[in-house]
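Engineer: Mind having a look at this structure? Questions to follow.
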Amino acid sequence: MARDAAGERAVTDTLWAPWRMKWIAGVSAKRGASRAAASKAQESPKQCLFCRVAKSTADRRDLVLARRPQAMLMLNRYPYASAHLMVAVRRHAARFIDLEEPERAELLELVALAERALEVEYRPDGVNYGLNVGRVAGAGFPGHLHMHLVPRWDGDTNFMPVIARTRVLPESLAATWTRLRRAIERLEKPGARGGRRGQAR
């Protein structure tokens, strides 16, 4: 059995099959145009969660924790773990190469603010960071770039997802929003690390 980078037994072995890439590329080329058209038709800014939230001012209802002129930080309403955060640009743009420099800067600024807020309020043992670009990669809103931050704790494991297909969340969204909003407000004060004053509203 193969081992991973940490020396643990890998879940699966790897079979290198370089002859398959030519076939995969051919299929992708044939289906690419129709898939892109279908994806564009399925999602427009009018149907996009992040576009709607960007225009809204109901931060508690929409679970928004901080706003910048070009980006925003919010809770995921369907979290993988408590305090599952999302950072998104406000403009309907799908990829990093589509972003302007201020958008990239504010996106990463809010990622850093999210890290700091999680650290001071929840003290996770680790964090998963993830971006899904394109529907085939698992993006729920493939036209609007956003990053997930999922905090992880050593003790937050159980058999429920396996035996009952149920995710157990130990805190309500309302409580998480309140805790993180207050933490961010403290971090935004002059002299505090991790944010700028007056941007969360």
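We name chains A, B, ... following the order of the structure tokens; residues begin at 1 in each chain, and ligands are numbered from 1 as shown.
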When you look at A:Glu121 with a cut-off of 10 Å (counting only C-alpha atoms), what residues show up, excluding the ones that are within fewer than 4 positions of it in the same chain? I need them as a PyMOL selection string.
Structural biologist: chain A and resi 83+116-117+176+179-180+182-184
Engineer: Take the residues from that selection and put them in a file with N, CA and C atoms, as a compact mmCIF listing (two decimals), in the first residue's frame.
Structural biologist:
# COMPACT_ATOMS: atom_id res chain seq x y z
N ALA A 83 -18.48 27.77 12.33
CA ALA A 83 -17.61 28.89 11.94
C ALA A 83 -16.99 28.69 10.56
N ARG A 116 -7.58 35.63 11.82
CA ARG A 116 -7.37 36.23 13.13
C ARG A 116 -8.62 36.10 14.01
N ALA A 117 -9.80 36.31 13.43
CA ALA A 117 -11.04 36.20 14.20
C ALA A 117 -11.25 34.77 14.69
N THR A 176 -22.75 31.76 16.35
CA THR A 176 -21.46 31.90 15.68
C THR A 176 -21.31 33.29 15.08
N ARG A 179 -20.62 35.86 17.87
CA ARG A 179 -19.26 35.73 18.43
C ARG A 179 -18.22 36.31 17.46
N LEU A 180 -18.32 35.94 16.19
CA LEU A 180 -17.31 36.40 15.23
C LEU A 180 -17.47 37.89 14.91
N ARG A 182 -18.49 40.21 16.95
CA ARG A 182 -17.89 40.94 18.07
C ARG A 182 -16.37 40.85 18.04
N ALA A 183 -15.85 39.67 17.70
CA ALA A 183 -14.40 39.51 17.61
C ALA A 183 -13.82 40.42 16.54
N ILE A 184 -14.50 40.51 15.40
CA ILE A 184 -14.02 41.37 14.31
C ILE A 184 -14.09 42.84 14.70
Engineer: Excluding stretch 85-98 of chain A and its own-chain neighbours fewer than 2 positions away, which residues fall within 9 Å of it when counting only C-alpha atoms? Please give them as a PDB file with N, CA and C atoms, in the first residue's frame.
Structural biologist:
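Written file, around09.pdb:
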ATOM      1  N   SER A  44     -26.722  33.612 -13.590  1.00  0.00           N
ATOM      2  CA  SER A  44     -26.471  34.997 -13.936  1.00  0.00           C
ATOM      3  C   SER A  44     -26.332  35.770 -12.633  1.00  0.00           C
ATOM      4  N   PRO A  45     -25.797  36.999 -12.669  1.00  0.00           N
ATOM      5  CA  PRO A  45     -25.705  37.782 -11.434  1.00  0.00           C
ATOM      6  C   PRO A  45     -27.023  37.905 -10.687  1.00  0.00           C
ATOM      7  N   CYS A  48     -27.319  34.890  -8.450  1.00  0.00           N
ATOM      8  CA  CYS A  48     -26.127  34.588  -7.653  1.00  0.00           C
ATOM      9  C   CYS A  48     -26.286  35.028  -6.198  1.00  0.00           C
ATOM     10  N   PHE A  50     -23.936  35.564  -3.945  1.00  0.00           N
ATOM     11  CA  PHE A  50     -22.971  36.575  -3.530  1.00  0.00           C
ATOM     12  C   PHE A  50     -23.313  37.953  -4.098  1.00  0.00           C
ATOM     13  N   CYS A  51     -23.857  37.988  -5.306  1.00  0.00           N
ATOM     14  CA  CYS A  51     -24.297  39.269  -5.869  1.00  0.00           C
ATOM     15  C   CYS A  51     -25.452  39.846  -5.061  1.00  0.00           C
ATOM     16  N   VAL A  53     -26.138  39.252  -1.850  1.00  0.00           N
ATOM     17  CA  VAL A  53     -25.645  39.669  -0.540  1.00  0.00           C
ATOM     18  C   VAL A  53     -24.817  40.946  -0.659  1.00  0.00           C
ATOM     19  N   ALA A  54     -24.059  41.083  -1.740  1.00  0.00           N
ATOM     20  CA  ALA A  54     -23.239  42.282  -1.932  1.00  0.00           C
ATOM     21  C   ALA A  54     -24.098  43.541  -1.994  1.00  0.00           C
ATOM     22  N   LYS A  55     -25.306  43.427  -2.546  1.00  0.00           N
ATOM     23  CA  LYS A  55     -26.200  44.575  -2.674  1.00  0.00           C
ATOM     24  C   LYS A  55     -27.026  44.825  -1.410  1.00  0.00           C
ATOM     25  N   ARG A  68     -15.834  45.145   2.663  1.00  0.00           N
ATOM     26  CA  ARG A  68     -14.871  46.067   2.094  1.00  0.00           C
ATOM     27  C   ARG A  68     -15.473  46.580   0.785  1.00  0.00           C
ATOM     28  N   PRO A  69     -14.953  47.640   0.228  1.00  0.00           N
ATOM     29  CA  PRO A  69     -15.507  48.123  -1.041  1.00  0.00           C
ATOM     30  C   PRO A  69     -15.510  47.071  -2.144  1.00  0.00           C
ATOM     31  N   GLN A  70     -14.530  46.136  -2.113  1.00  0.00           N
ATOM     32  CA  GLN A  70     -14.412  45.161  -3.189  1.00  0.00           C
ATOM     33  C   GLN A  70     -14.654  43.718  -2.756  1.00  0.00           C
ATOM     34  N   ALA A  71     -14.848  43.462  -1.465  1.00  0.00           N
ATOM     35  CA  ALA A  71     -14.964  42.080  -0.991  1.00  0.00           C
ATOM     36  C   ALA A  71     -15.774  42.028   0.296  1.00  0.00           C
ATOM     37  N   MET A  72     -16.145  40.812   0.697  1.00  0.00           N
ATOM     38  CA  MET A  72     -16.938  40.637   1.921  1.00  0.00           C
ATOM     39  C   MET A  72     -16.633  39.287   2.558  1.00  0.00           C
ATOM     40  N   LEU A  73     -16.837  39.223   3.850  1.00  0.00           N
ATOM     41  CA  LEU A  73     -16.615  38.018   4.652  1.00  0.00           C
ATOM     42  C   LEU A  73     -17.941  37.616   5.268  1.00  0.00           C
ATOM     43  N   MET A  74     -18.299  36.335   5.157  1.00  0.00           N
ATOM     44  CA  MET A  74     -19.596  35.889   5.652  1.00  0.00           C
ATOM     45  C   MET A  74     -19.523  34.435   6.123  1.00  0.00           C
ATOM     46  N   LEU A  75     -20.517  34.043   6.898  1.00  0.00           N
ATOM     47  CA  LEU A  75     -20.666  32.650   7.295  1.00  0.00           C
ATOM     48  C   LEU A  75     -21.332  31.851   6.186  1.00  0.00           C
ATOM     49  N   ASN A  76     -20.989  30.574   6.091  1.00  0.00           N
ATOM     50  CA  ASN A  76     -21.688  29.654   5.192  1.00  0.00           C
ATOM     51  C   ASN A  76     -22.956  29.166   5.906  1.00  0.00           C
ATOM     52  N   PRO A  79     -22.853  24.872   6.679  1.00  0.00           N
ATOM     53  CA  PRO A  79     -21.435  24.664   6.989  1.00  0.00           C
ATOM     54  C   PRO A  79     -21.019  23.200   7.087  1.00  0.00           C
ATOM     55  N   SER A  82     -18.705  24.213  12.398  1.00  0.00           N
ATOM     56  CA  SER A  82     -19.059  25.501  12.966  1.00  0.00           C
ATOM     57  C   SER A  82     -18.012  26.546  12.585  1.00  0.00           C
ATOM     58  N   ALA A  83     -18.481  27.773  12.328  1.00  0.00           N
ATOM     59  CA  ALA A  83     -17.614  28.887  11.938  1.00  0.00           C
ATOM     60  C   ALA A  83     -16.989  28.691  10.556  1.00  0.00           C
ATOM     61  N   GLU A 100      -9.444  42.551 -10.568  1.00  0.00           N
ATOM     62  CA  GLU A 100      -8.560  43.710 -10.563  1.00  0.00           C
ATOM     63  C   GLU A 100      -7.683  43.637  -9.317  1.00  0.00           C
ATOM     64  N   GLU A 103      -9.332  44.149  -5.925  1.00  0.00           N
ATOM     65  CA  GLU A 103     -10.187  43.027  -5.544  1.00  0.00           C
ATOM     66  C   GLU A 103      -9.353  41.893  -4.964  1.00  0.00           C
ATOM     67  N   ARG A 104      -8.236  41.585  -5.614  1.00  0.00           N
ATOM     68  CA  ARG A 104      -7.365  40.530  -5.078  1.00  0.00           C
ATOM     69  C   ARG A 104      -6.832  40.915  -3.707  1.00  0.00           C
ATOM     70  N   GLU A 106      -8.138  42.973  -1.409  1.00  0.00           N
ATOM     71  CA  GLU A 106      -9.153  42.960  -0.357  1.00  0.00           C
ATOM     72  C   GLU A 106      -9.634  41.549  -0.055  1.00  0.00           C
ATOM     73  N   LEU A 107      -9.671  40.687  -1.061  1.00  0.00           N
ATOM     74  CA  LEU A 107     -10.019  39.283  -0.823  1.00  0.00           C
ATOM     75  C   LEU A 107      -9.049  38.671   0.176  1.00  0.00           C
ATOM     76  N   LEU A 108      -7.755  38.859  -0.064  1.00  0.00           N
ATOM     77  CA  LEU A 108      -6.749  38.270   0.828  1.00  0.00           C
ATOM     78  C   LEU A 108      -6.699  38.993   2.169  1.00  0.00           C
ATOM     79  N   LEU A 110      -9.297  40.083   3.754  1.00  0.00           N
ATOM     80  CA  LEU A 110     -10.376  39.500   4.552  1.00  0.00           C
ATOM     81  C   LEU A 110     -10.083  38.058   4.941  1.00  0.00           C
ATOM     82  N   VAL A 111      -9.319  37.340   4.142  1.00  0.00           N
ATOM     83  CA  VAL A 111      -8.885  36.003   4.553  1.00  0.00           C
ATOM     84  C   VAL A 111      -8.034  36.112   5.818  1.00  0.00           C
ATOM     85  N   ALA A 114     -10.259  36.912   8.707  1.00  0.00           N
ATOM     86  CA  ALA A 114     -10.988  35.704   9.106  1.00  0.00           C
ATOM     87  C   ALA A 114     -10.098  34.782   9.932  1.00  0.00           C
ATOM     88  N   VAL A 133     -13.416  26.337  -8.542  1.00  0.00           N
ATOM     89  CA  VAL A 133     -13.593  27.181  -9.729  1.00  0.00           C
ATOM     90  C   VAL A 133     -14.153  26.324 -10.851  1.00  0.00           C
ATOM     91  N   GLY A 134     -15.382  26.592 -11.251  1.00  0.00           N
ATOM     92  CA  GLY A 134     -16.038  25.797 -12.276  1.00  0.00           C
ATOM     93  C   GLY A 134     -16.934  24.736 -11.666  1.00  0.00           C
ATOM     94  N   PHE A 141     -21.606  28.192  -7.020  1.00  0.00           N
ATOM     95  CA  PHE A 141     -21.839  29.409  -7.798  1.00  0.00           C
ATOM     96  C   PHE A 141     -20.597  29.640  -8.650  1.00  0.00           C
ATOM     97  N   PRO A 142     -20.477  28.912  -9.754  1.00  0.00           N
ATOM     98  CA  PRO A 142     -19.226  28.907 -10.521  1.00  0.00           C
ATOM     99  C   PRO A 142     -18.864  30.243 -11.146  1.00  0.00           C
ATOM    100  N   GLY A 143     -19.796  31.152 -11.246  1.00  0.00           N
ATOM    101  CA  GLY A 143     -19.492  32.446 -11.849  1.00  0.00           C
ATOM    102  C   GLY A 143     -18.959  33.475 -10.882  1.00  0.00           C
ATOM    103  N   HIS A 144     -18.916  33.142  -9.578  1.00  0.00           N
ATOM    104  CA  HIS A 144     -18.540  34.142  -8.579  1.00  0.00           C
ATOM    105  C   HIS A 144     -17.474  33.556  -7.649  1.00  0.00           C
ATOM    106  N   LEU A 145     -16.263  34.084  -7.750  1.00  0.00           N
ATOM    107  CA  LEU A 145     -15.131  33.552  -6.991  1.00  0.00           C
ATOM    108  C   LEU A 145     -15.321  33.760  -5.489  1.00  0.00           C
ATOM    109  N   HIS A 146     -15.108  32.713  -4.720  1.00  0.00           N
ATOM    110  CA  HIS A 146     -15.164  32.814  -3.265  1.00  0.00           C
ATOM    111  C   HIS A 146     -14.285  31.726  -2.652  1.00  0.00           C
ATOM    112  N   MET A 147     -13.734  32.028  -1.497  1.00  0.00           N
ATOM    113  CA  MET A 147     -12.859  31.089  -0.783  1.00  0.00           C
ATOM    114  C   MET A 147     -13.540  30.628   0.498  1.00  0.00           C
ATOM    115  N   HIS A 148     -13.411  29.334   0.786  1.00  0.00           N
ATOM    116  CA  HIS A 148     -13.938  28.754   2.022  1.00  0.00           C
ATOM    117  C   HIS A 148     -12.821  28.647   3.057  1.00  0.00           C
ATOM    118  N   LEU A 149     -13.135  28.931   4.306  1.00  0.00           N
ATOM    119  CA  LEU A 149     -12.254  28.653   5.437  1.00  0.00           C
ATOM    120  C   LEU A 149     -13.045  27.803   6.423  1.00  0.00           C
ATOM    121  N   VAL A 150     -12.582  26.587   6.660  1.00  0.00           N
ATOM    122  CA  VAL A 150     -13.284  25.662   7.545  1.00  0.00           C
ATOM    123  C   VAL A 150     -12.368  25.322   8.719  1.00  0.00           C
ATOM    124  N   PRO A 151     -12.678  25.822   9.930  1.00  0.00           N
ATOM    125  CA  PRO A 151     -11.845  25.496  11.089  1.00  0.00           C
ATOM    126  C   PRO A 151     -12.016  24.039  11.506  1.00  0.00           C
TER     127      PRO A 151
END
Engineer: Record the distance separating atom CA of A:Trp153 and atom CA of A:Glu171, expressed in Å with one decimal.
Structural biologist: 13.8 Å
Engineer: Tell me which of A:Met21, A:Gly191, A:Val127, A:Tyr78 sits closest to A:Arg167, counting only C-alpha atoms.
Structural biologist: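 With only C-alpha atoms as the atom set, the closest residue is A:Tyr78.
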Engineer: Counting only C-alpha atoms, which residue out of A:His84, A:Arg67, A:Arg61, A:Asn128 sits closest to A:Glu188?
Structural biologist: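 Closest candidate: A:Arg67.
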Engineer: Could you check which of A:Leu187, A:Arg20, A:Asp156, A:Trp177 is closest to A:Glu119, using only C-alpha atoms?
Structural biologist: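 Closest residue, counting only C-alpha atoms: A:Leu187.
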Engineer: Of the candidates A:Pro170, A:Lys189, A:Arg152, A:Ala105, which one gets nearest to A:Arg123 if we count only C-alpha atoms?
Structural biologist: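 Checking each of A:Pro170, A:Lys189, A:Arg152, A:Ala105 against A:Arg123, counting only C-alpha atoms, the winner is A:Arg152.
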Engineer: If DSSP is run on the backbone, what residues of stretch 76-126 of chain A are alpha helix (DSSP H)? A reply as an NGL selection string would be ideal.
Structural biologist: :A and (101-121)
